[in-house]
file structure.cif (mmCIF, C-alpha atoms)
data_run
loop_
_atom_site.group_PDB
_atom_site.id
_atom_site.type_symbol
_atom_site.label_atom_id
_atom_site.label_comp_id
_atom_site.auth_asym_id
_atom_site.auth_seq_id
_atom_site.Cartn_x
_atom_site.Cartn_y
_atom_site.Cartn_z
ATOM 1 C CA GLN O 1 11.776 -11.694 -8.828
ATOM 2 C CA VAL O 2 10.841 -8.114 -9.581
ATOM 3 C CA HIS O 3 10.949 -5.141 -7.267
ATOM 4 C CA LEU O 4 7.962 -3.216 -6.050
ATOM 5 C CA VAL O 5 8.583 0.502 -5.628
ATOM 6 C CA GLU O 6 6.598 2.616 -3.229
ATOM 7 C CA SER O 7 6.593 6.417 -3.145
ATOM 8 C CA GLY O 8 4.620 9.403 -1.945
ATOM 9 C CA GLY O 9 5.214 9.320 1.776
ATOM 10 C CA GLY O 10 6.210 12.297 3.859
ATOM 11 C CA LEU O 11 5.802 14.309 7.015
ATOM 12 C CA VAL O 12 2.319 15.701 7.494
ATOM 13 C CA GLN O 13 0.269 17.236 10.266
ATOM 14 C CA PRO O 14 -2.742 15.469 11.733
ATOM 15 C CA GLY O 15 -5.694 15.861 9.414
ATOM 16 C CA GLY O 16 -3.476 16.052 6.351
ATOM 17 C CA SER O 17 -3.485 13.909 3.234
ATOM 18 C CA LEU O 18 -1.043 11.939 1.143
ATOM 19 C CA ARG O 19 -1.241 9.843 -1.992
ATOM 20 C CA LEU O 20 1.001 6.804 -2.070
ATOM 21 C CA SER O 21 1.968 4.980 -5.245
ATOM 22 C CA CYS O 22 3.232 1.478 -5.841
ATOM 23 C CA THR O 23 4.585 0.404 -9.191
ATOM 24 C CA THR O 24 6.465 -2.454 -10.797
ATOM 25 C CA SER O 25 7.850 -3.344 -14.177
ATOM 26 C CA LEU O 26 6.127 -6.733 -14.283
ATOM 27 C CA SER O 27 2.758 -6.542 -16.015
ATOM 28 C CA LEU O 28 1.774 -9.788 -14.294
ATOM 29 C CA PHE O 29 1.052 -7.516 -11.304
ATOM 30 C CA ARG O 30 -2.303 -6.695 -12.813
ATOM 31 C CA ILE O 31 -3.708 -10.197 -12.361
ATOM 32 C CA TYR O 32 -3.275 -10.197 -8.602
ATOM 33 C CA THR O 33 -5.148 -8.754 -5.682
ATOM 34 C CA VAL O 34 -2.799 -6.105 -4.320
ATOM 35 C CA GLY O 35 -2.615 -4.773 -0.820
ATOM 36 C CA TRP O 36 -1.098 -1.898 1.066
ATOM 37 C CA TYR O 37 0.568 -2.923 4.294
ATOM 38 C CA ARG O 38 2.083 -0.820 7.039
ATOM 39 C CA GLN O 39 4.585 -1.421 9.774
ATOM 40 C CA ALA O 40 4.969 0.876 12.741
ATOM 41 C CA PRO O 41 8.147 0.789 14.850
ATOM 42 C CA GLY O 42 8.264 -2.350 16.974
ATOM 43 C CA LYS O 43 5.094 -3.768 15.460
ATOM 44 C CA GLN O 44 4.257 -6.373 12.840
ATOM 45 C CA ARG O 45 3.415 -5.567 9.266
ATOM 46 C CA ASP O 46 -0.354 -5.344 8.851
ATOM 47 C CA LEU O 47 -2.598 -5.237 5.805
ATOM 48 C CA VAL O 48 -4.607 -2.017 5.705
ATOM 49 C CA ALA O 49 -6.313 -2.220 2.305
ATOM 50 C CA ASP O 50 -6.495 -4.394 -0.750
ATOM 51 C CA ILE O 51 -8.019 -4.316 -4.223
ATOM 52 C CA THR O 52 -8.979 -7.100 -6.606
ATOM 53 C CA PRO O 53 -7.379 -7.381 -10.069
ATOM 54 C CA GLY O 54 -10.145 -5.524 -11.892
ATOM 55 C CA GLY O 55 -10.523 -2.961 -9.139
ATOM 56 C CA GLY O 56 -14.127 -3.907 -8.490
ATOM 57 C CA THR O 57 -13.718 -4.883 -4.867
ATOM 58 C CA THR O 58 -11.777 -3.142 -2.136
ATOM 59 C CA ASN O 59 -11.354 -4.015 1.496
ATOM 60 C CA TYR O 60 -10.108 -1.945 4.420
ATOM 61 C CA ALA O 61 -8.988 -2.498 7.957
ATOM 62 C CA ASP O 62 -11.411 -1.012 10.450
ATOM 63 C CA SER O 63 -8.776 1.475 11.608
ATOM 64 C CA VAL O 64 -8.586 3.140 8.178
ATOM 65 C CA LYS O 65 -12.087 2.652 6.812
ATOM 66 C CA GLY O 66 -13.556 5.910 5.552
ATOM 67 C CA ARG O 67 -10.157 7.642 5.440
ATOM 68 C CA PHE O 68 -8.084 5.513 3.043
ATOM 69 C CA THR O 69 -8.966 4.745 -0.574
ATOM 70 C CA ILE O 70 -7.124 2.158 -2.636
ATOM 71 C CA SER O 71 -7.230 2.230 -6.418
ATOM 72 C CA ARG O 72 -5.237 0.887 -9.335
ATOM 73 C CA ASP O 73 -4.283 1.667 -12.913
ATOM 74 C CA ASN O 74 -3.426 -1.642 -14.550
ATOM 75 C CA ALA O 75 -2.202 0.052 -17.710
ATOM 76 C CA LYS O 76 0.551 1.566 -15.583
ATOM 77 C CA ASN O 77 1.083 -1.442 -13.268
ATOM 78 C CA THR O 78 0.422 0.980 -10.413
ATOM 79 C CA VAL O 79 -1.654 0.852 -7.260
ATOM 80 C CA TYR O 80 -2.457 3.945 -5.227
ATOM 81 C CA LEU O 81 -3.450 4.661 -1.666
ATOM 82 C CA GLN O 82 -5.133 7.980 -0.961
ATOM 83 C CA ILE O 83 -4.831 8.733 2.730
ATOM 84 C CA ASN O 84 -7.003 11.461 4.228
ATOM 85 C CA SER O 85 -7.623 12.703 7.757
ATOM 86 C CA LEU O 86 -4.253 11.380 8.888
ATOM 87 C CA LYS O 87 -3.852 10.502 12.544
ATOM 88 C CA LEU O 88 -0.752 10.171 14.687
ATOM 89 C CA GLU O 89 -1.273 6.405 14.777
ATOM 90 C CA ASP O 90 -0.991 6.217 10.983
ATOM 91 C CA THR O 91 2.745 6.826 11.307
ATOM 92 C CA ALA O 92 4.468 3.811 9.755
ATOM 93 C CA ILE O 93 6.366 2.556 6.755
ATOM 94 C CA TYR O 94 3.883 1.685 4.032
ATOM 95 C CA PHE O 95 4.519 -1.217 1.664
ATOM 96 C CA CYS O 96 2.602 -2.748 -1.178
ATOM 97 C CA HIS O 97 2.527 -6.360 -2.269
ATOM 98 C CA THR O 98 0.149 -8.913 -3.631
ATOM 99 C CA ASN O 99 -2.348 -10.325 -1.160
ATOM 100 C CA PRO O 100 -1.314 -12.881 -0.185
ATOM 101 C CA PRO O 101 2.301 -11.925 -0.828
ATOM 102 C CA ARG O 102 3.703 -13.763 -3.842
ATOM 103 C CA THR O 103 7.319 -13.375 -2.777
ATOM 104 C CA GLU O 104 8.493 -15.814 -5.439
ATOM 105 C CA LEU O 105 7.465 -13.188 -8.002
ATOM 106 C CA PHE O 106 7.901 -9.829 -6.276
ATOM 107 C CA HIS O 107 10.479 -8.504 -3.846
ATOM 108 C CA TRP O 108 9.227 -6.456 -0.931
ATOM 109 C CA GLY O 109 10.202 -2.877 -1.647
ATOM 110 C CA GLN O 110 11.787 -0.395 0.712
ATOM 111 C CA GLY O 111 8.429 1.076 1.548
ATOM 112 C CA THR O 112 7.585 4.734 1.934
ATOM 113 C CA GLN O 113 7.647 6.462 5.303
ATOM 114 C CA VAL O 114 4.539 8.272 6.477
ATOM 115 C CA THR O 115 5.039 10.392 9.563
ATOM 116 C CA VAL O 116 2.159 12.236 11.157
ATOM 117 C CA SER O 117 3.252 14.851 13.643
ATOM 118 C CA SER O 118 2.127 18.218 14.870
#
call {"tool": "encode", "arguments": {"input": "structure.cif", "output": "structure tokens"}}
result
Amino acid sequence: QVHLVESGGGLVQPGGSLRLSCTTSLSLFRIYTVGWYRQAPGKQRDLVADITPGGGTTNYADSVKGRFTISRDNAKNTVYLQINSLKLEDTAIYFCHTNPPRTELFHWGQGTQVTVSS
């Protein structure tokens, strides 16, 4: 198993923006659909966006559509999540993983905390 490493979170005001990154050392990552998931306190982990291996197709949860943009750079084994127009309800720990999660190949990372507060 290889670790996934998320970064880029922080404390932002409503309406702000962040760019999250997810990277791994295993180049096999590039052959999988990859998703960004988030988990708010006391809630389950939900998929918010995913992107196919070549980057040609992206999908978004209704709650983030139009505000979040997922992208990937397979040469760097990295997937990004651009988050704009942040809302209080976007506060959560954000994780990345394959979709569906291939936990036999990749460990869940620690995630990156996004806190939206005025």
call {"tool": "closest_residue", "arguments": {"input": "structure.cif", "among": "O:Asn74, O:Gln110, O:Gln82, O:Gln1", "to": "Cys96 of chain O", "atoms": "all atoms listed in the file"}}
result
O:Gln110
call {"tool": "resolve_selection", "arguments": {"input": "structure.cif", "expression": "the PyMOL selection byres ((chain O and resi 52-60) around 10)", "output": "VMD selection string"}}
result
chain O and resid 29 to 36 47 to 51 61 to 74 79 98 to 99
call {"tool": "closest_residue", "arguments": {"input": "structure.cif", "among": "O:Leu4, O:Ala75, O:Leu86, O:Leu105", "to": "Ser118 of chain O", "atoms": "all atoms listed in the file"}}
result
O:Leu86
call {"tool": "closest_residue", "arguments": {"input": "structure.cif", "among": "O:Asn77, O:His107, O:Gln44, O:Ser21", "to": "Gly9 of chain O", "atoms": "only C-alpha atoms"}}
result
O:Ser21
call {"tool": "atom_distance", "arguments": {"input": "structure.cif", "atom1": "atom CA of His97 of chain O", "atom2": "atom CA of Tyr37 of chain O"}}
result
7.7 Å
call {"tool": "resolve_selection", "arguments": {"input": "structure.cif", "expression": "the PyMOL selection byres ((chain O and resi 89) around 12)", "output": "ChimeraX atom specification"}}
result
/O:13-15,38-41,63-64,85-88,90-93,114-117
call {"tool": "residues_around", "arguments": {"input": "structure.cif", "residues": "Lys76 of chain O", "least_positions_apart": "6", "cutoff": "10 Å", "atoms": "only C-alpha atoms", "output": "ChimeraX atom specification"}}
result
/O:23-25,27,30
call {"tool": "atom_distance", "arguments": {"input": "structure.cif", "atom1": "atom CA of Thr78 of chain O", "atom2": "atom CA of Tyr94 of chain O"}}
result
14.9 Å
call {"tool": "closest_residue", "arguments": {"input": "structure.cif", "among": "O:Leu11, O:Val2, O:Gly16, O:Tyr80", "to": "Leu28 of chain O", "atoms": "all atoms listed in the file"}}
result
O:Val2
call {"tool": "atom_distance", "arguments": {"input": "structure.cif", "atom1": "atom CA of Thr103 of chain O", "atom2": "atom CA of His3 of chain O"}}
result
10.1 Å
call {"tool": "residues_around", "arguments": {"input": "structure.cif", "residues": "Gly8 of chain O", "least_positions_apart": "4", "cutoff": "7 Å", "atoms": "all atoms listed in the file", "output": "list in words"}}
result
Leu18, Arg19, Leu20, Ser21 and Thr112 of chain O
call {"tool": "axis_aligned_box", "arguments": {"input": "structure.cif", "around": "segment 58-70 of chain O", "padding_each_side": "3 Å", "output": "JSON"}}
result
{"center_x": -10.3, "center_y": 1.8, "center_z": 4.5, "size_x": 12.4, "size_y": 17.7, "size_z": 20.2}
